[in-house]
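Below: target-v9.cif (mmCIF, C-alpha atoms)
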data_query
#
loop_
_atom_site.group_PDB
_atom_site.id
_atom_site.type_symbol
_atom_site.label_atom_id
_atom_site.label_comp_id
_atom_site.auth_asym_id
_atom_site.auth_seq_id
_atom_site.Cartn_x
_atom_site.Cartn_y
_atom_site.Cartn_z
ATOM 1 C CA MET U 1 -12.419 34.197 43.889
ATOM 2 C CA ILE U 2 -14.503 31.023 43.832
ATOM 3 C CA ILE U 3 -12.461 27.902 44.655
ATOM 4 C CA LEU U 4 -13.783 24.694 43.089
ATOM 5 C CA ILE U 5 -11.247 22.243 44.519
ATOM 6 C CA GLY U 6 -12.904 19.161 46.008
ATOM 7 C CA LEU U 7 -16.372 19.843 44.622
ATOM 8 C CA SER U 8 -18.375 16.758 43.792
ATOM 9 C CA PRO U 9 -19.509 16.413 40.154
ATOM 10 C CA ARG U 10 -22.883 15.486 41.624
ATOM 11 C CA LEU U 11 -23.170 18.912 43.238
ATOM 12 C CA LEU U 12 -22.166 20.609 39.994
ATOM 13 C CA GLU U 13 -24.873 18.695 38.147
ATOM 14 C CA ALA U 14 -27.394 19.803 40.783
ATOM 15 C CA PHE U 15 -26.327 23.419 40.315
ATOM 16 C CA ILE U 16 -26.721 23.219 36.526
ATOM 17 C CA ALA U 17 -30.104 21.511 36.869
ATOM 18 C CA LEU U 18 -31.423 24.291 39.143
ATOM 19 C CA GLU U 19 -29.957 26.989 36.909
ATOM 20 C CA GLU U 20 -31.782 25.550 33.911
ATOM 21 C CA CYS U 21 -35.057 24.616 35.647
ATOM 22 C CA LEU U 22 -35.217 27.552 38.102
ATOM 23 C CA HIS U 23 -37.496 25.348 40.178
ATOM 24 C CA PHE U 24 -36.387 23.157 43.071
ATOM 25 C CA GLY U 25 -39.004 20.471 42.489
ATOM 26 C CA GLN U 26 -38.254 20.088 38.772
ATOM 27 C CA ALA U 27 -34.505 20.161 39.312
ATOM 28 C CA ALA U 28 -34.773 17.533 42.076
ATOM 29 C CA LYS U 29 -36.773 15.283 39.756
ATOM 30 C CA ARG U 30 -34.170 15.701 37.027
ATOM 31 C CA CYS U 31 -31.461 14.631 39.487
ATOM 32 C CA ASN U 32 -33.562 11.685 40.732
ATOM 33 C CA VAL U 33 -33.602 12.835 44.372
ATOM 34 C CA THR U 34 -36.265 14.190 46.706
ATOM 35 C CA GLN U 35 -36.779 17.940 46.881
ATOM 36 C CA SER U 36 -35.538 17.935 50.478
ATOM 37 C CA ALA U 37 -32.335 16.089 49.511
ATOM 38 C CA PHE U 38 -31.867 18.436 46.555
ATOM 39 C CA SER U 39 -32.204 21.516 48.769
ATOM 40 C CA GLN U 40 -29.519 20.063 51.041
ATOM 41 C CA MET U 41 -27.236 19.540 48.044
ATOM 42 C CA ILE U 42 -27.562 23.193 46.983
ATOM 43 C CA ALA U 43 -27.010 24.341 50.563
ATOM 44 C CA ARG U 44 -23.883 22.150 50.808
ATOM 45 C CA LEU U 45 -22.583 23.554 47.522
ATOM 46 C CA GLU U 46 -23.084 27.144 48.658
ATOM 47 C CA ALA U 47 -21.355 26.346 51.946
ATOM 48 C CA GLN U 48 -18.350 24.917 50.066
ATOM 49 C CA VAL U 49 -17.968 27.908 47.739
ATOM 50 C CA GLY U 50 -18.614 30.315 50.613
ATOM 51 C CA THR U 51 -21.361 32.400 49.027
ATOM 52 C CA ARG U 52 -25.000 32.276 47.934
ATOM 53 C CA LEU U 53 -25.421 31.140 44.348
ATOM 54 C CA PHE U 54 -29.195 31.482 44.090
ATOM 55 C CA ASP U 55 -31.733 34.003 45.317
ATOM 56 C CA ARG U 56 -35.046 32.329 45.964
ATOM 57 C CA ASP U 57 -38.400 33.207 47.391
ATOM 58 C CA THR U 58 -41.797 31.542 47.328
ATOM 59 C CA ARG U 59 -42.276 32.496 43.669
ATOM 60 C CA SER U 60 -38.925 32.363 41.898
ATOM 61 C CA VAL U 61 -35.341 31.139 41.809
ATOM 62 C CA ARG U 62 -32.588 33.125 40.112
ATOM 63 C CA LEU U 63 -28.806 33.230 40.008
ATOM 64 C CA THR U 64 -26.919 35.728 42.113
ATOM 65 C CA ALA U 65 -24.034 37.697 40.593
ATOM 66 C CA GLU U 66 -21.659 35.139 42.150
ATOM 67 C CA GLY U 67 -23.844 32.379 40.721
ATOM 68 C CA GLU U 68 -23.323 33.817 37.221
ATOM 69 C CA VAL U 69 -19.563 33.573 37.668
ATOM 70 C CA PHE U 70 -19.822 30.098 39.153
ATOM 71 C CA SER U 71 -22.008 28.918 36.265
ATOM 72 C CA ARG U 72 -19.261 29.490 33.702
ATOM 73 C CA ARG U 73 -16.705 27.612 35.793
ATOM 74 C CA ALA U 74 -19.063 24.775 36.695
ATOM 75 C CA ARG U 75 -20.101 24.136 33.102
ATOM 76 C CA SER U 76 -16.463 24.159 31.979
ATOM 77 C CA ILE U 77 -15.592 21.580 34.654
ATOM 78 C CA VAL U 78 -18.521 19.333 33.719
ATOM 79 C CA ARG U 79 -17.535 19.506 30.038
ATOM 80 C CA ASP U 80 -13.957 18.540 30.953
ATOM 81 C CA ILE U 81 -15.171 15.632 33.084
ATOM 82 C CA ASP U 82 -17.466 14.396 30.303
ATOM 83 C CA SER U 83 -14.653 14.707 27.777
ATOM 84 C CA ALA U 84 -12.243 12.808 30.032
ATOM 85 C CA LEU U 85 -14.760 10.016 30.607
ATOM 86 C CA LEU U 86 -15.477 9.755 26.880
ATOM 87 C CA GLU U 87 -11.767 9.637 26.123
ATOM 88 C CA MET U 88 -11.186 6.881 28.681
ATOM 89 C CA ARG U 89 -14.117 4.896 27.292
ATOM 90 C CA ASP U 90 -12.464 5.121 23.881
ATOM 91 C CA TYR U 91 -9.259 3.759 25.392
ATOM 92 C CA ALA U 92 -11.198 1.031 27.207
ATOM 93 C CA VAL U 93 -12.781 -0.205 23.962
ATOM 94 C CA ARG U 94 -9.446 0.377 22.161
ATOM 95 C CA LYS U 95 -10.708 3.106 19.856
ATOM 96 C CA ARG U 96 -7.708 5.199 20.861
ATOM 97 C CA GLY U 97 -4.230 4.544 22.165
ATOM 98 C CA LYS U 98 -0.642 3.878 21.192
ATOM 99 C CA LEU U 99 1.422 0.718 21.058
ATOM 100 C CA ALA U 100 5.188 0.474 20.597
ATOM 101 C CA LEU U 101 6.883 -2.844 19.780
ATOM 102 C CA ALA U 102 10.414 -4.082 19.205
ATOM 103 C CA VAL U 103 10.689 -7.136 16.936
ATOM 104 C CA VAL U 104 13.700 -9.015 15.588
ATOM 105 C CA PRO U 105 14.059 -8.326 11.830
ATOM 106 C CA SER U 106 13.240 -11.837 10.584
ATOM 107 C CA LEU U 107 9.916 -11.837 12.453
ATOM 108 C CA ALA U 108 9.209 -8.194 11.626
ATOM 109 C CA MET U 109 9.497 -9.143 7.973
ATOM 110 C CA ALA U 110 7.502 -12.357 7.784
ATOM 111 C CA TRP U 111 5.560 -13.315 10.925
ATOM 112 C CA VAL U 112 4.497 -10.188 12.786
ATOM 113 C CA PRO U 113 3.009 -8.249 9.808
ATOM 114 C CA ALA U 114 -0.014 -10.564 9.616
ATOM 115 C CA ILE U 115 -0.694 -9.972 13.325
ATOM 116 C CA VAL U 116 -0.223 -6.218 12.926
ATOM 117 C CA SER U 117 -2.601 -6.220 9.948
ATOM 118 C CA ASP U 118 -5.329 -7.987 11.938
ATOM 119 C CA TYR U 119 -4.716 -5.730 14.923
ATOM 120 C CA THR U 120 -4.921 -2.419 13.029
ATOM 121 C CA ARG U 121 -8.003 -3.600 11.175
ATOM 122 C CA ARG U 122 -9.704 -4.437 14.463
ATOM 123 C CA TYR U 123 -8.450 -1.330 16.315
ATOM 124 C CA PRO U 124 -7.944 1.364 13.653
ATOM 125 C CA GLY U 125 -7.739 4.177 16.226
ATOM 126 C CA ILE U 126 -4.587 2.822 17.875
ATOM 127 C CA SER U 127 -1.311 4.135 16.487
ATOM 128 C CA LEU U 128 1.478 1.604 16.180
ATOM 129 C CA GLU U 129 5.231 2.109 16.352
ATOM 130 C CA LEU U 130 7.336 -0.870 15.275
ATOM 131 C CA PHE U 131 11.106 -1.105 15.797
ATOM 132 C CA ASP U 132 12.587 -3.893 13.671
ATOM 133 C CA THR U 133 15.837 -4.414 15.497
ATOM 134 C CA TYR U 134 18.048 -7.093 16.961
ATOM 135 C CA SER U 135 17.351 -8.753 20.293
ATOM 136 C CA GLU U 136 19.815 -6.739 22.396
ATOM 137 C CA ARG U 137 18.520 -3.436 21.060
ATOM 138 C CA GLY U 138 14.919 -4.565 21.557
ATOM 139 C CA LEU U 139 15.610 -5.318 25.214
ATOM 140 C CA GLN U 140 17.324 -1.943 25.578
ATOM 141 C CA LEU U 141 14.277 -0.151 24.145
ATOM 142 C CA LEU U 142 12.143 -2.071 26.627
ATOM 143 C CA ARG U 143 14.425 -1.048 29.488
ATOM 144 C CA GLU U 144 14.221 2.590 28.409
ATOM 145 C CA GLY U 145 10.416 2.456 28.329
ATOM 146 C CA ARG U 146 10.269 3.226 24.601
ATOM 147 C CA VAL U 147 8.396 -0.007 23.855
ATOM 148 C CA GLU U 148 5.944 -2.081 25.877
ATOM 149 C CA ILE U 149 6.668 -5.432 24.240
ATOM 150 C CA ALA U 150 9.795 -6.924 22.708
ATOM 151 C CA ILE U 151 9.637 -10.039 20.521
ATOM 152 C CA THR U 152 13.168 -11.353 20.597
ATOM 153 C CA GLY U 153 15.422 -14.356 20.317
ATOM 154 C CA GLN U 154 16.802 -13.701 23.808
ATOM 155 C CA PRO U 155 14.893 -13.785 27.108
ATOM 156 C CA GLY U 156 16.993 -11.203 28.885
ATOM 157 C CA ASN U 157 17.304 -11.052 32.651
ATOM 158 C CA THR U 158 14.222 -12.667 34.165
ATOM 159 C CA GLY U 159 14.717 -10.558 37.298
ATOM 160 C CA GLU U 160 14.210 -7.469 35.153
ATOM 161 C CA TYR U 161 11.754 -8.774 32.570
ATOM 162 C CA GLU U 162 8.639 -10.884 32.369
ATOM 163 C CA VAL U 163 9.429 -13.523 29.753
ATOM 164 C CA GLU U 164 7.215 -15.974 27.888
ATOM 165 C CA LEU U 165 8.367 -18.486 25.273
ATOM 166 C CA LEU U 166 6.192 -18.069 22.174
ATOM 167 C CA PHE U 167 7.538 -20.850 19.961
ATOM 168 C CA GLU U 168 10.639 -22.574 18.634
ATOM 169 C CA GLU U 169 11.626 -22.531 14.998
ATOM 170 C CA PRO U 170 14.167 -24.505 12.979
ATOM 171 C CA PHE U 171 16.983 -23.139 10.839
ATOM 172 C CA LEU U 172 17.794 -23.854 7.211
ATOM 173 C CA LEU U 173 21.010 -23.661 5.263
ATOM 174 C CA ALA U 174 20.854 -21.397 2.225
ATOM 175 C CA CYS U 175 23.256 -22.435 -0.545
ATOM 176 C CA PRO U 176 23.518 -22.107 -4.326
ATOM 177 C CA LYS U 177 21.290 -24.611 -6.106
ATOM 178 C CA HIS U 178 24.310 -26.280 -7.714
ATOM 179 C CA HIS U 179 26.080 -26.814 -4.363
ATOM 180 C CA PRO U 180 26.420 -30.505 -3.351
ATOM 181 C CA VAL U 181 24.649 -29.843 -0.041
ATOM 182 C CA ALA U 182 21.532 -28.699 -1.925
ATOM 183 C CA ALA U 183 20.647 -32.333 -2.689
ATOM 184 C CA MET U 184 20.516 -33.353 0.983
ATOM 185 C CA ARG U 185 17.217 -33.756 2.798
ATOM 186 C CA GLU U 186 18.505 -32.588 6.152
ATOM 187 C CA LEU U 187 21.759 -31.393 7.663
ATOM 188 C CA THR U 188 23.269 -32.175 11.041
ATOM 189 C CA LEU U 189 25.708 -30.022 12.965
ATOM 190 C CA ALA U 190 28.544 -32.203 11.690
ATOM 191 C CA ASP U 191 27.556 -31.349 8.121
ATOM 192 C CA MET U 192 28.508 -27.722 8.770
ATOM 193 C CA ALA U 193 32.232 -28.597 8.745
ATOM 194 C CA GLY U 194 34.100 -26.770 6.022
ATOM 195 C CA LEU U 195 31.082 -24.927 4.603
ATOM 196 C CA PRO U 196 32.027 -21.300 3.710
ATOM 197 C CA MET U 197 29.651 -19.418 6.019
ATOM 198 C CA ILE U 198 28.495 -15.876 5.355
ATOM 199 C CA HIS U 199 27.580 -14.427 8.736
ATOM 200 C CA GLN U 200 25.211 -11.766 9.934
ATOM 201 C CA ILE U 201 26.721 -9.260 12.297
ATOM 202 C CA ASP U 202 24.834 -10.752 15.264
ATOM 203 C CA THR U 203 25.709 -14.407 14.559
ATOM 204 C CA GLU U 204 27.995 -14.469 17.588
ATOM 205 C CA ARG U 205 25.080 -13.497 19.839
ATOM 206 C CA ILE U 206 22.182 -15.459 18.334
ATOM 207 C CA ARG U 207 20.845 -17.727 21.071
ATOM 208 C CA VAL U 208 20.020 -21.290 20.007
ATOM 209 C CA THR U 209 19.057 -24.459 21.820
ATOM 210 C CA SER U 210 21.108 -27.548 21.081
ATOM 211 C CA GLY U 211 20.986 -30.709 23.123
ATOM 212 C CA PRO U 212 20.769 -30.053 26.859
ATOM 213 C CA GLY U 213 21.059 -26.293 26.878
ATOM 214 C CA PRO U 214 21.281 -22.890 25.168
ATOM 215 C CA TYR U 215 24.309 -21.847 23.137
ATOM 216 C CA LYS U 216 25.426 -18.926 21.003
ATOM 217 C CA LEU U 217 25.285 -19.752 17.309
ATOM 218 C CA GLY U 218 28.749 -18.422 16.430
ATOM 219 C CA PRO U 219 30.693 -20.558 18.938
ATOM 220 C CA LEU U 220 28.497 -23.559 18.121
ATOM 221 C CA LEU U 221 29.377 -23.318 14.424
ATOM 222 C CA ARG U 222 33.062 -22.982 15.238
ATOM 223 C CA SER U 223 32.902 -26.083 17.431
ATOM 224 C CA ALA U 224 31.494 -27.919 14.378
ATOM 225 C CA ARG U 225 34.450 -26.616 12.318
ATOM 226 C CA ALA U 226 32.240 -24.620 9.978
ATOM 227 C CA GLY U 227 34.171 -22.609 7.419
ATOM 228 C CA ASP U 228 34.221 -18.829 7.162
ATOM 229 C CA SER U 229 33.757 -16.939 3.899
ATOM 230 C CA GLY U 230 35.210 -13.816 5.497
ATOM 231 C CA ILE U 231 31.987 -11.909 4.750
ATOM 232 C CA GLU U 232 29.711 -10.434 7.409
ATOM 233 C CA VAL U 233 26.516 -8.509 6.602
ATOM 234 C CA GLU U 234 23.697 -6.813 8.457
ATOM 235 C CA HIS U 235 20.561 -7.645 6.459
ATOM 236 C CA ILE U 236 19.094 -11.000 5.460
ATOM 237 C CA SER U 237 18.253 -9.696 1.984
ATOM 238 C CA THR U 238 21.990 -9.112 1.454
ATOM 239 C CA LEU U 239 22.685 -12.700 2.496
ATOM 240 C CA ALA U 240 20.254 -13.926 -0.166
ATOM 241 C CA GLY U 241 22.023 -11.989 -2.910
ATOM 242 C CA LEU U 242 25.493 -13.134 -1.878
ATOM 243 C CA VAL U 243 24.495 -16.791 -1.622
ATOM 244 C CA ALA U 244 22.726 -16.669 -4.997
ATOM 245 C CA ASN U 245 25.972 -15.379 -6.521
ATOM 246 C CA GLY U 246 28.069 -18.208 -5.103
ATOM 247 C CA MET U 247 29.862 -16.234 -2.379
ATOM 248 C CA GLY U 248 29.166 -18.872 0.276
ATOM 249 C CA VAL U 249 26.334 -20.347 2.337
ATOM 250 C CA CYS U 250 24.424 -19.022 5.338
ATOM 251 C CA ILE U 251 22.091 -20.131 8.097
ATOM 252 C CA VAL U 252 18.632 -18.548 8.322
ATOM 253 C CA PRO U 253 15.643 -19.089 10.616
ATOM 254 C CA GLN U 254 12.489 -20.412 9.017
ATOM 255 C CA THR U 255 10.569 -17.160 9.502
ATOM 256 C CA ALA U 256 13.114 -15.364 7.271
ATOM 257 C CA LEU U 257 12.589 -17.535 4.207
ATOM 258 C CA ALA U 258 10.541 -14.916 2.356
ATOM 259 C CA GLN U 259 13.774 -13.085 1.546
ATOM 260 C CA PHE U 260 14.993 -16.100 -0.451
ATOM 261 C CA ARG U 261 11.969 -16.557 -2.669
ATOM 262 C CA ASP U 262 12.538 -16.137 -6.376
ATOM 263 C CA THR U 263 16.308 -16.414 -5.947
ATOM 264 C CA ASP U 264 18.740 -18.987 -7.283
ATOM 265 C CA VAL U 265 19.136 -20.431 -3.793
ATOM 266 C CA ALA U 266 18.366 -23.848 -2.297
ATOM 267 C CA LEU U 267 17.145 -24.042 1.305
ATOM 268 C CA VAL U 268 18.091 -27.235 3.115
ATOM 269 C CA PRO U 269 16.505 -28.005 6.517
ATOM 270 C CA ILE U 270 18.869 -28.289 9.464
ATOM 271 C CA SER U 271 17.947 -31.030 11.923
ATOM 272 C CA ARG U 272 16.007 -29.810 14.934
ATOM 273 C CA LYS U 273 18.428 -31.885 16.998
ATOM 274 C CA ALA U 274 21.286 -29.729 15.719
ATOM 275 C CA PHE U 275 19.908 -26.406 16.934
ATOM 276 C CA MET U 276 16.675 -24.425 17.112
ATOM 277 C CA ARG U 277 15.809 -20.808 17.781
ATOM 278 C CA GLN U 278 13.494 -19.844 20.614
ATOM 279 C CA ILE U 279 11.293 -16.775 20.242
ATOM 280 C CA PHE U 280 10.288 -14.907 23.382
ATOM 281 C CA MET U 281 7.775 -12.237 24.268
ATOM 282 C CA VAL U 282 9.432 -9.934 26.802
ATOM 283 C CA MET U 283 7.821 -7.209 28.937
ATOM 284 C CA ARG U 284 8.999 -5.117 31.857
ATOM 285 C CA ASN U 285 8.631 -6.927 35.143
ATOM 286 C CA GLY U 286 5.958 -5.628 37.525
ATOM 287 C CA GLN U 287 4.572 -3.034 35.112
ATOM 288 C CA GLY U 288 1.062 -3.473 33.796
ATOM 289 C CA LEU U 289 0.320 -3.274 30.091
ATOM 290 C CA SER U 290 -1.803 -0.601 28.478
ATOM 291 C CA LEU U 291 -5.140 -1.776 27.117
ATOM 292 C CA ALA U 292 -3.736 -1.404 23.586
ATOM 293 C CA ALA U 293 -0.766 -3.643 24.434
ATOM 294 C CA ALA U 294 -2.924 -6.203 26.252
ATOM 295 C CA ALA U 295 -5.066 -6.618 23.139
ATOM 296 C CA PHE U 296 -1.968 -7.166 21.003
ATOM 297 C CA VAL U 297 -0.557 -9.725 23.454
ATOM 298 C CA GLU U 298 -3.793 -11.686 23.242
ATOM 299 C CA MET U 299 -3.581 -11.818 19.446
ATOM 300 C CA LEU U 300 0.143 -12.593 19.569
ATOM 301 C CA LYS U 301 -0.336 -15.586 21.855
ATOM 302 C CA LEU U 302 -3.172 -16.895 19.711
ATOM 303 C CA ARG U 303 -1.027 -16.702 16.567
ATOM 304 C CA ALA U 304 1.924 -18.299 18.365
ATOM 305 C CA ARG U 305 -0.205 -21.274 19.450
ATOM 306 C CA ALA U 306 -1.336 -21.772 15.873
ATOM 307 C CA PHE U 307 2.188 -21.418 14.490
ATOM 308 C CA ARG U 308 3.798 -24.784 13.908
ATOM 309 C CA PRO U 309 7.036 -24.154 12.047
ATOM 310 C CA GLY U 310 8.037 -27.213 10.061
ATOM 311 C CA ALA U 311 11.173 -27.639 8.028
ATOM 312 C CA ARG U 312 10.041 -27.059 4.452
ATOM 313 C CA ARG U 313 12.176 -27.153 1.369
ATOM 314 C CA ALA U 314 12.030 -23.931 -0.622
ATOM 315 C CA GLY U 315 14.621 -24.697 -3.258
ATOM 316 C CA GLY U 316 16.848 -27.426 -4.696
ATOM 317 C CA ASN U 317 15.842 -30.865 -5.926
ATOM 318 C CA PRO U 318 14.246 -33.454 -3.621
ATOM 319 C CA ALA U 319 16.594 -36.317 -2.968
ATOM 320 C CA ARG U 320 17.330 -38.866 -0.316
ATOM 321 C CA ARG U 321 20.040 -37.933 2.122
ATOM 322 C CA ARG U 322 23.425 -39.155 1.040
ATOM 323 C CA PRO U 323 25.364 -41.171 3.575
ATOM 324 C CA GLY U 324 28.098 -39.196 5.318
ATOM 325 C CA ARG U 325 28.669 -35.516 4.744
ATOM 326 C CA ALA U 326 28.482 -34.011 1.293
ATOM 327 C CA ALA U 327 31.545 -33.159 -0.761
ATOM 328 C CA GLN U 328 32.583 -29.499 -0.648
#
File written out as structure tokens:
Amino acid sequence: MIILIGLSPRLLEAFIALEECLHFGQAAKRCNVTQSAFSQMIARLEAQVGTRLFDRDTRSVRLTAEGEVFSRRARSIVRDIDSALLEMRDYAVRKRGKLALAVVPSLAMAWVPAIVSDYTRRYPGISLELFDTYSERGLQLLREGRVEIAITGQPGNTGEYEVELLFEEPFLLACPKHHPVAAMRELTLADMAGLPMIHQIDTERIRVTSGPGPYKLGPLLRSARAGDSGIEVEHISTLAGLVANGMGVCIVPQTALAQFRDTDVALVPISRKAFMRQIFMVMRNGQGLSLAAAAFVEMLKLRARAFRPGARRAGGNPARRRPGRAAQ
């Protein structure tokens, strides 16, 4: 049995060159070494495999029976090495690869798709897996190693994750167009009192910044004496339908406004001083990114720098803010 463990690819190339040229001088020239150095390479190879691979005399060079066997193995190894190098070059230039992301639903619907579109157009060979899920689940997927990047509304444990703030975005109040609040230019936290809120199932856990520090949206609304419609839903599109049919009002981040287009709903900006949502890019701490993920992070940061969310009215009639809070 011929054992090939530890053989240098350079020695295998020398073997193949001599097999094809059957002349030491020509094979040495092909390998860009002197004939003396080439002869030493063949001698070293034969010493490593423990048998003569070539018979040679002053007139000819030919493979031995063992050399015939070695030739098949050597060429197979060289093909595998070439294939591996080609594959890695494809990964290096991002022609191949896989990227898995977890993104909160509002961003997966309206902000991330444009980045994904640019990314897949630039790197069509990279397969993409996108989990549109809530922040806690996104962090869990990251912890389990099922995704490389999570775009969430929660930073998670900074001892466990590498966290970067991408941007902050304001919230808006969605209400029926005939609701008195629809005529207001901007709402404060105090204006939430008594409004019949329709909640998403994660309202209690949504992290917002208000004043000096972070809060959870549910407790913050209760402290402002916001009302409760008694309805809780999972999807933003369901919120839009319920609000349009007069079942109550709801709070939505600016990046989720696409779900409210072409509906009978007014969107009233909530003051940035009341509360804002922070969006984080989260990765596992101390673990390097794949080349595919690194390319996406670069595009993500560029888009985040260009993103300047401003409170924009998407429904209702422009009017000056009424003094005091609106009638219910």
Choose the residue, out of U:Met192, U:Ile42, U:Ile201, U:Val265, that has the smallest atom-to-atom separation from Glu234 of chain U; count all atoms listed in the file.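 That would be U:Ile201, the residue with the smallest distance to Glu234 of chain U.
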Any chance you could tabulate, as CSV, the residues of segment 113-195 of chain U at most 7 Å from segment 279-303 of chain U with each one's nearest atom pair and distance in Å to one decimal, using only C-alpha atoms, in chain and rising number order?
residue,atom,partner,partner_atom,distance
U:Ile115,CA,U:Leu300,CA,6.8
U:Tyr119,CA,U:Phe296,CA,6.8
U:Leu142,CA,U:Arg284,CA,6.8
U:Glu148,CA,U:Met283,CA,6.3
U:Ile149,CA,U:Met283,CA,5.2
U:Ala150,CA,U:Val282,CA,5.1
U:Ile151,CA,U:Met281,CA,4.7
U:Thr152,CA,U:Phe280,CA,5.4
U:Gly153,CA,U:Ile279,CA,4.8
U:Gln154,CA,U:Phe280,CA,6.6
U:Pro155,CA,U:Phe280,CA,6.0
U:Glu160,CA,U:Asn285,CA,5.6
U:Tyr161,CA,U:Asn285,CA,4.4
U:Glu162,CA,U:Asn285,CA,4.8
U:Val163,CA,U:Val282,CA,4.6
U:Glu164,CA,U:Met281,CA,5.2
U:Leu165,CA,U:Phe280,CA,4.5
U:Leu166,CA,U:Phe280,CA,5.3
U:Phe167,CA,U:Ile279,CA,5.5
U:Glu168,CA,U:Ile279,CA,6.1
Suppose you want the space between atom CA of Arg277 of chain U and atom CA of Ser135 of chain U; what is it in Å?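 Pair atom CA of Arg277 of chain U / atom CA of Ser135 of chain U returns 12.4 Å.
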So that I can see what lies close to Ser76 of chain U, please list as a PyMOL selection string the residues with an atom at most 12 Å from it, counting only C-alpha atoms and leaving out residues fewer than 3 positions away in the same chain. chain U and resi 4+9+12-13+16+69-73+79-83
Please give the centre and size of the box around segment 173-179 of chain U (axis-aligned, containing every atom listed in the file, 3 Å added per side), with values in Å to one decimal and written as lines of an AutoDock Vina configuration file.
center_x = 23.5
center_y = -24.1
center_z = -1.2
size_x = 11.2
size_y = 11.4
size_z = 19.0
